[in-house]
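**Student:** A single structure is presented below for examination.
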Amino acid sequence: MLNYTLGHYGYWFTLVLMMLGLYGMLLKNNLVKKLIGMTIFQVSIILFYVCSAVKWGGKVPVLDPVIGAADPSKYINPIQHTLMLTAIVVGVATTGVAFALVISIYKRYKTLDEVVLLERMKNDNDAD
Amino acid sequence: MMLINFLTKNSPVLIPILYLSMGLLIPVIAGGRRHRLAWPTIALVILIGLSISIFNIFAVIDAGKPIHYYMGEWVPPIGIEYVLDHLSAFVMFVLNVVAFLVIIHAKDIVRHEMPGKEVPYYGLISLMLAGFNGIVVTGDMFNLYVFLEICSLAVYGLIAAGEKKSLVASFRYLVMGTLGACFYLLGVGFLYLTAGSLNMADMKAIMPYIYNHPTTIIALAFMALGMALKMALFPLHGWLPDSYTHAPSTSSAIIAPTGTKVGSYVLIRILFFIFGIKFISEMLPVAHIIAWMGAIAIIYGSVVAIAQKELKRMLAYSSVAQVGYIGLGIGLANPLGLIGAVLHILNHAFMKACLFLVAGNLRFKIGHSMISKFNHSIRKRMPWTMAAFTIAALSMVGLPPMAGFFSKWYLVMGTIKNSNWIFLAVVLISSLLNAVYFFRVLEKVYMKPLNSGSPEESDENTKPTEVGLQMLVPTLVLAVGLIVIGLLNALIVKGILAYIVPLAGM
Amino acid sequence: MTIPETYTSLIPLWAVLVSLAAVPLILISSKYRNLRETWTIAASIIKFGLVLSLLPGALANKTAEIKILEVFQGVDLTLRADPFGVFFALIASGLWIFTSFYSIGYVRGLNEHKQTRYFASFAVCLSATIGIAFSANLLTFIIFYEILTIATYPLVIHKETREAIIGGRKYLVYTLTAGLFLIAAAAWTYQIAGTLDFKAGGLFSDGMLTAKNALPLFLLFVMGVGVKAGIMPLHSWLPTAMVAPTPVSALLHAVAVVKAGVFGVIRVVGFVFGPYLMREFGLNNILMTLAGITILVASLIAMRQDNLKRRLAFSTVGHLSYVVLGAAMLTPSSFTGGMMHIAFHATMKITLFFVAGAIYVNLHREKVSELDGIGKVMPWTMGAFTVGAIGLAGIPPINGFVSKWYLGMGSVELGNLIPLAILVISGILNIAYLIPISYVAFFKKGEKLEGKGEAPLFMVVPLVITAILSVILGIFPDLFFKFYKLAANIAVSIIGAN
């Protein structure tokens, strides 16, 4: 049992991060904090992938002339890493768009608190 | 001849490349002083995309089996491949034809609602279409996530373009949408762990060996959840009403018919083509749950739509209900239900595009689309727009010979085949609910007010103004198209959709 | 049984399309009244001519058929002019000619608004009705049935008063719901039988229907067609729809819409289930009970109505169930009588409604209690009314007697005399609620009638002609259109098939 828990510590940590992220997204009122939660959630998934690439006794997936390329179990799996490069980029882009929105919202409504924001939106008769 | 060969061999990949490159090139072509070039460029690009998608349909029917394209000549399962099969070609066509008609309509209204922002706006539209078409045609599950995010980011931008309340709506959609995409990514991760491949066709072959793994079940759950959120299946629809209502008219008109459809497409792909019907209906009750979510969505969406005072918001909740139809069709897990769901993708795209274009016309000419302020004068000033609205409304209610009747007919037959009497009742009752909220608008517009001769009415009567031809023709083409695809639906089913059924393993 | 010989012909399609083609013409000529009216009259005459050309074939058991296109796996949108279809189409298109003339007189006499919308909707309705008549399978039937519902809506709410809008909503709720039941029933039928084609004698092969699905399926069908056929308790839209202008009530709610309903009932009884299956599962008894109750209750309620049109509406409800009763009895004479009653009741009822409209246009009176003495100023109108009233009661020599006779004979053939008793009692009740109107019109002294004359010619001439037609058909039922021969043939084809 202990072996199991210790052996999968990466995944447990991922789980904790995910819950933190969800907590931030759902339960925080400040828009920026929601974004932080969202980013943490995305990062936890990246961590999940990276954790899953690990193998016992595996080396970094750069071709080592000593070991050679014949036995794949000597290197950890590079696929998840490459996928996560893409995912990181996607995360960056999403964060960029999100902050652009946050800035625009602040410019218009002068607040970043969701409760106050909803109040001010109700009175915003200029819009549809 | 060589051109045809070239087009056929590369058919899966042409459209995403087209839109991706043009998305980057539009600011270059139409930058600075040349911003008037933006609209003609995007219209031309979408026209080319539409032609290629029509060609693709014929290419697939000719070939009889899916067409594969390997990116960079790397062979799957290591390489990423693009697959064009009947379902992909069909959905691609729907996306592009609706986009084309909406973009023709868009020229004046974009200038009117978002002056000075045309260049980035059309660039975003191109990126969004790149994302949609990429999702539909890719054969690799991670590649799908990439395109999903591409189109989502573009959509967040398009919705927010209206400034005002759409900013918050877009933010909310951003948070929820990213959550959904992350769930999908998580599901893919689990699946990769068990199967070792990311290629869809490969996954299908490996599936029988990994059915009993708990990881597979988790993967299915996460992927389905993520896609249900993207397609706004109840109860994950919360982002939809605000987004569609507050977005600029063109954004609503182009996103509403297409965005949720792409989510439905992905759901069909992962449920039927990757996991297989045995897994989702016999071993796990996934199909059953989705059918119930769809059924509740139908009733919920229709009932809440009745309570709406503003036309676009009413249409948004109506969309929630219509997505429920597709969900129900998917969840029935029999050929008739699946054909009904896919046919409804086409029908609903046309209907919603027509309705949102009408809303755009109304906003353009009379400045608002509040139902409570509609009156008789609209019928006099915009007769053709209201005629298109009437046809689309009758189609939504499900009256023949419009298209809506036929997709409902397939769903009815699907529910009877499974002896699901509750679902049958849900589909039928929803017609009545749809009739309530559509006829309310029709009554307001077509009947004289009870105290006729009220001053504001006679004032506005003096200037009958219909929208210009450029905005009117797409609206009418979509409306007439509803009647045409209704009558010709057997052709569509026999020609394309019938091939999907064996591919789905039924 | 002689299997009808089918040949391909475009005539049924033209018959449906001719009034649809008139619609854009009517819409463009909305500013030129006489031109606009010409389109309506021309379309109605051409339509009638086309349908008439199909009559000889129908009598010789040759059926014109045209497959238009496939709309579902294995089910085509097909128009087939079988004898029953031709029968119904003849009545609808023939009476449309009269109604067109009458309508012109009515809307001009009252200077009604939105006349263009009125005539255009009428044209679409007639297209839909002929489409229903010529439907070869349940799916085509449903398509035209729903089109009829939508096309009649602008006519029901024509006056656009609060009453009219509420009446329209009720009409829509009833008819749309009925449409949904019909869709469910048809889909289930396809599941069980694999086909939706109407076949004389029933489309189910042996053993397809079991006790478990026969009754629910039949009930779904009854709720589907029963709303338009006015079977109680699904009838209440009919009196409410009397807010429509009288020509609308006359043609649509005495001839087209409601007759489409009973047409549907006979199609279901004779061409979907068939007499054998109806008897096997006791479905005929259910239908007979519903019809019998409707006849009696409707006649009783009619006696208590003061509004003339509402009285006629309940009378229609009762008489529609004559047809349903005839179908439910499942004997050759009863089918013949029921079908002939479709035709004959149409001529009589349309006369009565025309009279009601004439009285309204001329004297602005709607209530029975206000009709004292008007026979003296409107002799032709009230004379026609009397003819229609006598006929509805089933008294010779009006055509109502002929159809009632055959219905009675059907009851005797069945060996059950209860239907006969119901018919007799209903006849007496008919006298009770219609004859007094003629009596007070001619024999009581009226008020405020100085200087008034007959209704406009455009209105009086059609109603007199339909009244005379009722008399002639009463004496020579086979004259002109061989209604008797047609009906008898159809009855034999349904029953003889088994």
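Residues are referred to by chain and number: the chain letter is A, B, ... according to the order shown in the structure tokens, the number counts from 1 in that chain, and ligands are numbered separately from 1 in the order shown.
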Which neighbours of segment 82-98 of chain B fall inside 9 Å, counting only C-alpha atoms, when residues of the same chain fewer than 4 positions from it are skipped, and could you give them as a PyMOL selection string?

**Tutor:** chain B and resi 11-13+46-47+49-54+56-58+60-61+64-71+102-103+129+132-134+136-140+253-254+257-258+261-262+265+342+345-346+349-350+353+478+496-497+499-500

**Student:** Hey, list the chain B side of the contact with chain A: 8 Å cut-off, only C-alpha atoms, answer as number ranges by chain.

**Tutor:** B: 142, 146, 149, 153, 157, 160, 164-165, 167-168, 170-171, 174-175, 178-179, 182, 185-186, 189, 193, 246, 368

**Student:** Suppose you want the space between atom CA of Pro245 of chain C and atom CA of Ile157 of chain C; what is it in Å?

**Tutor:** 9.0 Å

**Student:** Could you check which of C:Tyr406, C:Tyr190, C:Tyr32, C:Phe48 is closest to chain B, using only C-alpha atoms?

**Tutor:**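 Of C:Tyr406, C:Tyr190, C:Tyr32, C:Phe48, the one nearest chain B is C:Tyr190, counting only C-alpha atoms.
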
**Student:** Can you check which residues of chain B have any atom within 8 Å of chain C? Use only C-alpha atoms and format it as a list in words.

**Tutor:**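 Residues of chain B within 8 Å of chain C, counting only C-alpha atoms: Leu399, Pro400, Pro401, Trp409, Val412, Met413, Ile416, Lys417, Leu424, Leu428, Leu432, Met447, Lys448, Leu450, Leu487, Leu488, Asn489, Ala490 and Leu491 of chain B.
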
**Student:** List every residue of segment 225-347 of chain B that DSSP, applied to the backbone, labels as alpha helix (DSSP H), and write the result as JSON, numbers by chain.

**Tutor:** {"B": [225, 226, 227, 228, 229, 230, 240, 241, 242, 243, 244, 245, 246, 249, 250, 251, 252, 253, 254, 255, 259, 260, 261, 262, 263, 264, 265, 266, 267, 268, 277, 286, 287, 288, 289, 290, 291, 292, 293, 294, 295, 296, 297, 298, 299, 300, 301, 302, 303, 304, 305, 306, 311, 312, 313, 314, 315, 316, 317, 318, 319, 320, 321, 322, 323, 324, 325, 326, 327, 328, 329, 330, 331, 332, 335, 336, 337, 338, 339, 340, 341, 342, 343, 344, 345, 346, 347]}

**Student:** Sort by chain and increasing residue number a table of all residues of segment 312-423 of chain C within 8 Å of segment 99-111 of chain C, each with its closest pair of atoms and their distance in Å to one decimal, counting only C-alpha atoms, and write it as a tab-separated table.

**Tutor:**
```
residue	atom	partner	partner_atom	distance
C:Phe354	CA	C:Tyr102	CA	7.6
C:Gly357	CA	C:Tyr106	CA	7.4
C:Ala358	CA	C:Tyr106	CA	7.6
C:Val361	CA	C:Leu110	CA	6.3
```

**Student:** Keeping N, CA, C and O atoms, export the residues of the selection given above as an mmCIF file, in the first residue's frame.

**Tutor:**
```
data_model
loop_
_atom_site.group_PDB
_atom_site.id
_atom_site.type_symbol
_atom_site.label_atom_id
_atom_site.label_comp_id
_atom_site.auth_asym_id
_atom_site.auth_seq_id
_atom_site.Cartn_x
_atom_site.Cartn_y
_atom_site.Cartn_z
ATOM 1 N N PHE C 354 -73.293 29.369 -45.904
ATOM 2 C CA PHE C 354 -73.427 30.492 -46.813
ATOM 3 C C PHE C 354 -74.581 31.390 -46.377
ATOM 4 O O PHE C 354 -74.499 32.616 -46.412
ATOM 5 N N GLY C 357 -73.616 33.508 -43.435
ATOM 6 C CA GLY C 357 -72.793 34.632 -43.848
ATOM 7 C C GLY C 357 -73.589 35.706 -44.540
ATOM 8 O O GLY C 357 -73.370 36.907 -44.334
ATOM 9 N N ALA C 358 -74.555 35.246 -45.371
ATOM 10 C CA ALA C 358 -75.370 36.223 -46.083
ATOM 11 C C ALA C 358 -76.165 37.069 -45.104
ATOM 12 O O ALA C 358 -76.289 38.293 -45.263
ATOM 13 N N VAL C 361 -73.757 39.595 -43.508
ATOM 14 C CA VAL C 361 -73.359 40.720 -44.364
ATOM 15 C C VAL C 361 -74.531 41.670 -44.594
ATOM 16 O O VAL C 361 -74.393 42.885 -44.577
#
```

**Student:** Atom CA of Phe273 of chain B and atom CA of Ala333 of chain B are how many Å apart?

**Tutor:**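 A separation of 12.1 Å between them.
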
**Student:** Do you have the atom CA of Arg269 of chain B-atom CA of Asn212 of chain B distance handy?

**Tutor:**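 That distance, rounded to one decimal, is 20.6 Å.
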
**Student:** With a distance cut-off of 7 Å and only C-alpha atoms, select the neighbouring residues of Val387 of chain C, excluding the residue or stretch itself and same-chain residues fewer than 4 positions from it, and output the selection as a ChimeraX atom specification.

**Tutor:** /C:383,391,467

**Student:** Taking 5 positions as the minimum chain separation for residues in the same chain, which residues sit within 9 Å of Met382 of chain C when counting only C-alpha atoms? Answer as a JSON list (two decimals) with N, CA and C atoms, in the first residue's frame.

**Tutor:**
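File selection.json, as written:
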```
[["chain", "number", "residue", "atom", "x", "y", "z"],
["C", 355, "VAL", "N", -75.68, 30.76, -45.96],
["C", 355, "VAL", "CA", -76.83, 31.54, -45.51],
["C", 355, "VAL", "C", -76.45, 32.37, -44.29],
["C", 374, "ILE", "N", -87.02, 37.39, -41.14],
["C", 374, "ILE", "CA", -86.11, 37.80, -42.23],
["C", 374, "ILE", "C", -86.43, 37.06, -43.51],
["C", 375, "GLY", "N", -87.24, 35.98, -43.39],
["C", 375, "GLY", "CA", -87.59, 35.26, -44.61],
["C", 375, "GLY", "C", -88.34, 36.14, -45.60],
["C", 376, "LYS", "N", -88.97, 37.18, -45.04],
["C", 376, "LYS", "CA", -89.74, 38.02, -45.95],
["C", 376, "LYS", "C", -88.85, 38.90, -46.80],
["C", 387, "VAL", "N", -84.14, 24.12, -47.33],
["C", 387, "VAL", "CA", -83.76, 22.91, -48.07],
["C", 387, "VAL", "C", -82.63, 22.18, -47.35],
["C", 438, "SER", "N", -86.15, 28.22, -39.73],
["C", 438, "SER", "CA", -86.93, 28.52, -40.92],
["C", 438, "SER", "C", -88.30, 29.04, -40.53],
["C", 441, "ALA", "N", -88.23, 32.53, -39.34],
["C", 441, "ALA", "CA", -87.86, 33.45, -40.41],
["C", 441, "ALA", "C", -89.04, 33.78, -41.29],
["C", 442, "PHE", "N", -89.84, 32.73, -41.57],
["C", 442, "PHE", "CA", -90.94, 32.98, -42.51],
["C", 442, "PHE", "C", -92.23, 33.40, -41.84]]
```
